[in-house]
Amino acid sequence: MNELRQVTERRRVRVTGTVQGVGFRPFVFRQAVALGLAGFVLNDSSGVLIEVEGERAEVAELCRLVREAPPPLARVTSVDWSAVPPVGISDGFRIVDSAAGQAPNVAVSVDSATCDDCLAEVDDPADRRHGYPFTNCTNCGPRYTIVLSVPYDRPATTMASFEMCTECQAEYDNPANRRFHAQPNACASCGPSITFFDRDRRLLSDGDKTLDTVAEALRAGRIVAVKGIGGYHLAADATCDDAVAELRRRKARDDKPFALMVADLKMARSLCVLDPAAESALGSFRRPIVLARRRAGAVVADGVAPGMPDLGVMLPYTPLHHLLLKSVARPLIMSSGNQSDDPIAHTDEDAFDRLGSMVDAVLAHDRQIHIRCDDSVVRASGRRLQMVRRSRGYAPEALPLPHCAARQVLAVGAGLKNTVSVAKESFLVCSHHIGDLEHLATYQAFLQATVHLCRLFGIEPEVVAHDLHPEYLSTKHALELDIEPWPVQHHHAHVASCLAEHGHAGPVLGIAFDGLGYGTDGTMWGGEFLVADFSGFERVAHLRPVPLPGGTAAIREPWRMALAWTALAAGPDAAARLGAALDPRWPSVLPLAVADATRRQSVLTTSVGRLFDAVAALVGLRSQITYEGQAAIELEMLARAVPQEAAPRYPAELLNASSAALATSPANASSAALAASPALAASPARAASPDGLDVLDPSPLIATVLAELDRGTDRSVIAAGFHEGLGRAAAALGARLARRHGLDTVALSGGVFQNVRFSDIVEDALVAEGLTVLVHESVPPNDGGISVGQAAIAALGTRPP
Ligand SMILES: [Zn+2]
Ligand SMILES: [Zn+2]
Ligand SMILES: [Zn+2]
């Protein structure tokens with residue numbers, strides 16, 4: 001009979017993570033009541049605190065449910081409990097109001113796609129929310145984009161102006177209801193509503209049939225601005241060639257692919273080849289755009305993604321989208337509501353001002369968007385999902401810091417693909433995608449985001465981490481603040497972002513390949529091998545430096561890089577012949593493209609991104625680009641026509657091939673001066689390269705590419721051979737350096753590793769050498785991850801000597 005004897009126990013349970021604004025307290029309440037337990041649950045500055053009393057087995061069961069089966073939007077980081085003296089169970093279980101005035105320290109949750117329960121209500125003609133485009137509950141709906149400040153409560157959101165009707169209020173007040181304390185709770189009689197205007201703001205429709213009217217306009221080939229959760233989209237019928245061409249013309253967008261929204265998974269499958277990981281990302285509450293291989297015969301206009309084998313698709317994530325897609329009954333282009341690289345329009349004024357000339361009509365609503373938030377983009381690579389743009393549905397979810405922050409940090413990121421991050425205690429938060437700061441409106445969005453993120457997470461920055469590039473507007477802003485600046489080298493930040501994502505303290509061998517980042521020697525780095533941890537780095541090898549002919553012009557015009565690499569690999573005469581074939585301006589550019597230590601006319605670069613550009617221009621893909629990274633992306637797509645097993649084995653022995661390159665490189669002198677952590681200083685490796693750095697010299701590979709072009713070899717074969725040769729060479733050098741420095745782990749970062757084919761080659765070759773390889777998944781390898789690395793480095797607080 002002993003085992004039936006009841007043992008009463010009371011526990012104080014601390015839950016941390018994203019546990020506020022996600023229905024956590026009502027969840028605990030319902031479970032506790034069902035288990036017959038007494039006590040209370042409350043939100044405080046550290047998360048959720050529960051005291052629970054009852055029979056030991058039931059108390060333990062509640063703790064298990066909290067840990068293992070929390071509400072869908074919750075992200076539980078830890079559940080710790082201690083026993084406290086029982087006080088009796090006569091009061092039952094209560095939800096206690098939040099203590100006001102405490103410093104906010106809890107994660108604001110992400111904007112989340114409509115849940116199945118809400119969708120069922122929207123679809124049910126008998127439900128009072130039938131057809132209501134703003135239906136939500138504690139398990140779904142807008143969060144980050146409507147929060148003005150914390151604590152997260154209705155008056156602190158853009159829902160403050162809507163007074164709940166009696167029925168909604170009753171749901172909101174009932175702990176047993178799915179909408180208990182659902183801050184954006186609303187219905188057709190009390191909540192936001194939609195309005196359809198023409199481009200001159202004349203009313204077209206605002207009744208029950210509004211969405212059908214919008215759908216009709218779209219099916220007729222019109223372009224409509226549609227207000228969503230994080231901003232406006234430009235919507236058009238993706239199956240209509242004329243509509244797509246017209247959208248390209250109005251948006252002044254030449255080639256960059258448009259994203260698609262489709263009604264359901266079935267339609268997504270009809271357009272793209274989706275593996276299980278891609279399907280689960282598509283259907284998740286985060287609802288990113290998923291880039292996946294286009295299916296032969298996919299029914300969308302060619303202009304959606306000209307010449308690209310991939311399509312970007314997403315599923316509806318608000319009831320408005322669900323209703324609209326159902327009514328249109330065909331795939332829609334849902335492109336960010338902006339022109340070129342401006343920030344996405346998120347206020348109605350802005351939409352009419354900036355989008356008016358691009359659209360025929362505007363579908364607006366009266367729930368304000370406080371913070372704009374673009375759609376996130378992930379790429380289904382087969383091996384893993386890769387984050388390309390981390391924004392709606394992911395931001396502002398906290399990432400754990402691998403170390404405890406010594407101080408509160410603001411990190412302002414890079415210049416392109418900008419994000420900002422904050423860090424304190426044991427967590428780091430990265431903002432939504434902000435974009436290219438050279439655009440005034442984007443810069444203003446950047447300023448707003450830094451202030452907002454600090455306010456939401458209660459950060460009073462003691463240091464501001466920034467890039468070394470003196471011309472980045474983010475750097476300039478950091479130096480204007482009255483906060484201690486914390487400079488972080490660009491590629492060190494890349495490697496640190498990869499370490500932070502994997503919770504790895506380092507040191508590792510970091511391979512950072514990207515476009516351009518400011519080096520400690522004033523040249524433009526981008527093909528770097530760093531021994532690094534959060535406290536410092538040592539540059540131990542790099543790509544052979546070449547001139548960047550014309551500076552930033554070389555970014556837009558890959559043919560300039562083709563000239564520089566051809567001059568190095570095959571001599572100025574070969575470069576002149578190539579120039580004559582590629583661009584009439586070649587005679588004035590050639591002198592800039594030839595490395596000449598006595599007459600330095602161009603800044604030098606070790607960029608691997610620019611090397612990919614050069615090869616793309618050599619094989620005739622393109623001499624000019626219309627969006628960032630275009631040439632390299634197209635080179636990867638070209639290579640995909642050749643299965644990896646069939647790729648030619650172009651030379652991969654590219655190490656230290658030219659001592660002349662070393663002589664012309666000013667990079668040598670800098671390595672010894674670079675910061676190195678105590679851990680690095682203690683490694684046996686430092687003494688091993690007294691004569692200068694190792695150099696990865698791809699000129700034999702370029703020579704092979706030129707020879708194969710002369711022989712008329714298929715250019716997809718050449719592209720594949722280049723990927724193989726460079727990837728295996730980089731891995732061979734990486735493995736050699738790792739061994740020399742006593743390291744067993746290699747981290748791959750930088751925008752070049754968005755190239756999945758190249759990333760896989762390098763990873764496989766390193767793994768074959770017995771090394772552990774860290775590859776990005778949840779943080780983008782591109783400059784969208786820079787602020788994450790900066791924040792993690794500055795949070796550790798070890799200043800380089
Ligand atoms: Zn819901
Ligand atoms: Zn209502
Ligand atoms: Zn970069």
# chains A, B, ... in the order shown; residues from 1 in each chain; ligands from 1

$ closest_atom_pairs --of "chain A" --to "ligand 3" --cutoff "12 Å" --atoms "only C-alpha atoms and all ligand atoms" --output "tab-separated table"
residue	atom	partner	partner_atom_place_in_ligand_line	distance
A:Gly413	CA	ligand 3	1 (Zn)	10.1
A:Ala414	CA	ligand 3	1 (Zn)	7.8
A:Gly415	CA	ligand 3	1 (Zn)	9.3
A:Leu416	CA	ligand 3	1 (Zn)	8.7
A:Lys417	CA	ligand 3	1 (Zn)	9.5
A:Asn418	CA	ligand 3	1 (Zn)	10.5
A:Asp467	CA	ligand 3	1 (Zn)	10.3
A:Leu468	CA	ligand 3	1 (Zn)	11.9
A:His469	CA	ligand 3	1 (Zn)	11.4
A:Gln489	CA	ligand 3	1 (Zn)	10.1
A:His490	CA	ligand 3	1 (Zn)	6.3
A:His491	CA	ligand 3	1 (Zn)	6.5
A:His492	CA	ligand 3	1 (Zn)	9.7
A:Ala493	CA	ligand 3	1 (Zn)	8.5
A:His494	CA	ligand 3	1 (Zn)	6.7
A:Val495	CA	ligand 3	1 (Zn)	10.1
A:Ser497	CA	ligand 3	1 (Zn)	11.1
A:Ile511	CA	ligand 3	1 (Zn)	11.8
A:Ala512	CA	ligand 3	1 (Zn)	8.0
A:Phe513	CA	ligand 3	1 (Zn)	7.6
A:Asp514	CA	ligand 3	1 (Zn)	5.1
A:Gly515	CA	ligand 3	1 (Zn)	6.0
A:Leu516	CA	ligand 3	1 (Zn)	6.2
A:Gly517	CA	ligand 3	1 (Zn)	5.7
A:Tyr518	CA	ligand 3	1 (Zn)	9.2
A:Gly519	CA	ligand 3	1 (Zn)	11.2
A:Met524	CA	ligand 3	1 (Zn)	10.7
A:Trp525	CA	ligand 3	1 (Zn)	9.1
A:Gly526	CA	ligand 3	1 (Zn)	7.3
A:Gly527	CA	ligand 3	1 (Zn)	10.2
A:Glu528	CA	ligand 3	1 (Zn)	10.9
A:Ser607	CA	ligand 3	1 (Zn)	9.9
A:Val608	CA	ligand 3	1 (Zn)	10.8
A:Gly609	CA	ligand 3	1 (Zn)	9.6
A:Gly629	CA	ligand 3	1 (Zn)	11.7
A:Ser749	CA	ligand 3	1 (Zn)	8.5
A:Gly750	CA	ligand 3	1 (Zn)	5.2
A:Gly751	CA	ligand 3	1 (Zn)	6.0
A:Val752	CA	ligand 3	1 (Zn)	8.8
A:Phe753	CA	ligand 3	1 (Zn)	10.5
A:Gln754	CA	ligand 3	1 (Zn)	11.4
A:Pro780	CA	ligand 3	1 (Zn)	10.5
A:Pro781	CA	ligand 3	1 (Zn)	8.1
A:Asn782	CA	ligand 3	1 (Zn)	5.7
A:Asp783	CA	ligand 3	1 (Zn)	4.7
A:Gly784	CA	ligand 3	1 (Zn)	8.4
A:Gly785	CA	ligand 3	1 (Zn)	8.5
A:Ile786	CA	ligand 3	1 (Zn)	7.1
A:Ser787	CA	ligand 3	1 (Zn)	10.7
A:Gly789	CA	ligand 3	1 (Zn)	11.1

$ closest_atom_pairs --of "chain A" --to "ligand 2" --cutoff "8 Å" --atoms "only C-alpha atoms and all ligand atoms" --output "JSON lines"
{"residue": "A:Met164", "atom": "CA", "partner": "ligand 2", "partner_atom_place_in_ligand_line": "1 (Zn)", "distance": 5.2}
{"residue": "A:Cys165", "atom": "CA", "partner": "ligand 2", "partner_atom_place_in_ligand_line": "1 (Zn)", "distance": 4.2}
{"residue": "A:Thr166", "atom": "CA", "partner": "ligand 2", "partner_atom_place_in_ligand_line": "1 (Zn)", "distance": 6.8}
{"residue": "A:Glu167", "atom": "CA", "partner": "ligand 2", "partner_atom_place_in_ligand_line": "1 (Zn)", "distance": 5.9}
{"residue": "A:Cys168", "atom": "CA", "partner": "ligand 2", "partner_atom_place_in_ligand_line": "1 (Zn)", "distance": 4.3}
{"residue": "A:Gln169", "atom": "CA", "partner": "ligand 2", "partner_atom_place_in_ligand_line": "1 (Zn)", "distance": 7.3}
{"residue": "A:Asn185", "atom": "CA", "partner": "ligand 2", "partner_atom_place_in_ligand_line": "1 (Zn)", "distance": 7.5}
{"residue": "A:Ala186", "atom": "CA", "partner": "ligand 2", "partner_atom_place_in_ligand_line": "1 (Zn)", "distance": 4.8}
{"residue": "A:Cys187", "atom": "CA", "partner": "ligand 2", "partner_atom_place_in_ligand_line": "1 (Zn)", "distance": 4.0}
{"residue": "A:Ala188", "atom": "CA", "partner": "ligand 2", "partner_atom_place_in_ligand_line": "1 (Zn)", "distance": 6.3}
{"residue": "A:Ser189", "atom": "CA", "partner": "ligand 2", "partner_atom_place_in_ligand_line": "1 (Zn)", "distance": 5.3}
{"residue": "A:Cys190", "atom": "CA", "partner": "ligand 2", "partner_atom_place_in_ligand_line": "1 (Zn)", "distance": 4.3}
{"residue": "A:Gly191", "atom": "CA", "partner": "ligand 2", "partner_atom_place_in_ligand_line": "1 (Zn)", "distance": 6.1}

$ closest_residue --among "A:Val244, A:Leu119, A:Leu706, A:Leu35" --to "ligand 1" --atoms "only C-alpha atoms and all ligand atoms"
A:Leu119

$ residues_near_ligand --ligand "ligand 1" --cutoff "10 Å" --atoms "only C-alpha atoms and all ligand atoms" --output "ChimeraX atom specification"
/A:112-121,135-141,178-179,182,185,318-319

$ closest_residue --among "A:Arg379, A:Val362, A:Ala541, A:Ser602" --to "Thr523 of chain A" --atoms "only C-alpha atoms"
A:Ser602

$ closest_residue --among "A:Ala245, A:Val378, A:Ala569, A:Val52" --to "Ile95 of chain A" --atoms "only C-alpha atoms"
A:Val52

$ residues_around --residues "Ala406 of chain A" --least-positions-apart "2" --cutoff "12 Å" --atoms "only C-alpha atoms" --output "number ranges by chain"
A: 401, 403-404, 408-409, 423-427, 461-463, 791-799

$ residues_around --residues "Glu653 of chain A" --least-positions-apart "6" --cutoff "9 Å" --atoms "only C-alpha atoms" --output "MDAnalysis selection string"
chainID A and resid 696:698 700 725 728:729 732

$ residues_around --residues "Val19 of chain A" --least-positions-apart "4" --cutoff "12 Å" --atoms "only C-alpha atoms" --output "ChimeraX atom specification"
/A:14-15,23-28,41-49,66-67,70-79,105-110,138-139,152,397-398

$ select_by_dssp --residues "segment 617-798 of chain A" --states "strand (DSSP E or B)" --output "list of chain:residue names"
A:Leu655, A:Asp694, A:Val695, A:Leu696, A:Thr745, A:Val746, A:Ala747, A:Leu748, A:Ser749, A:Thr772, A:Val773, A:Leu774, A:Val775

$ closest_residue --among "A:Ala301, A:Val594, A:Ser327, A:Gly337" --to "Ala570 of chain A" --atoms "only C-alpha atoms"
A:Val594

$ residues_around --residues "segment 217-229 of chain A" --least-positions-apart "6" --cutoff "6 Å" --atoms "only C-alpha atoms" --output "PyMOL selection string"
chain A and resi 235-237+243+359-364

$ residues_around --residues "segment 419-422 of chain A" --least-positions-apart "5" --cutoff "7 Å" --atoms "only C-alpha atoms" --output "ChimeraX atom specification"
/A:409-413,428-434,450,454,784,787-788,791

$ closest_residue --among "A:Thr195, A:Thr213, A:Thr704, A:Ser270" --to "Arg295 of chain A" --atoms "only C-alpha atoms"
A:Ser270

$ select_by_dssp --residues "segment 443-617 of chain A" --states "helix (DSSP H, G or I)" --output "ChimeraX atom specification"
/A:443-456,473-480,490-502,553-556,558-570,572-582,586-593,608-617

$ closest_residue --among "A:Asp583, A:Ala160, A:Ser335, A:Gln183" --to "Leu247 of chain A" --atoms "only C-alpha atoms"
A:Ser335
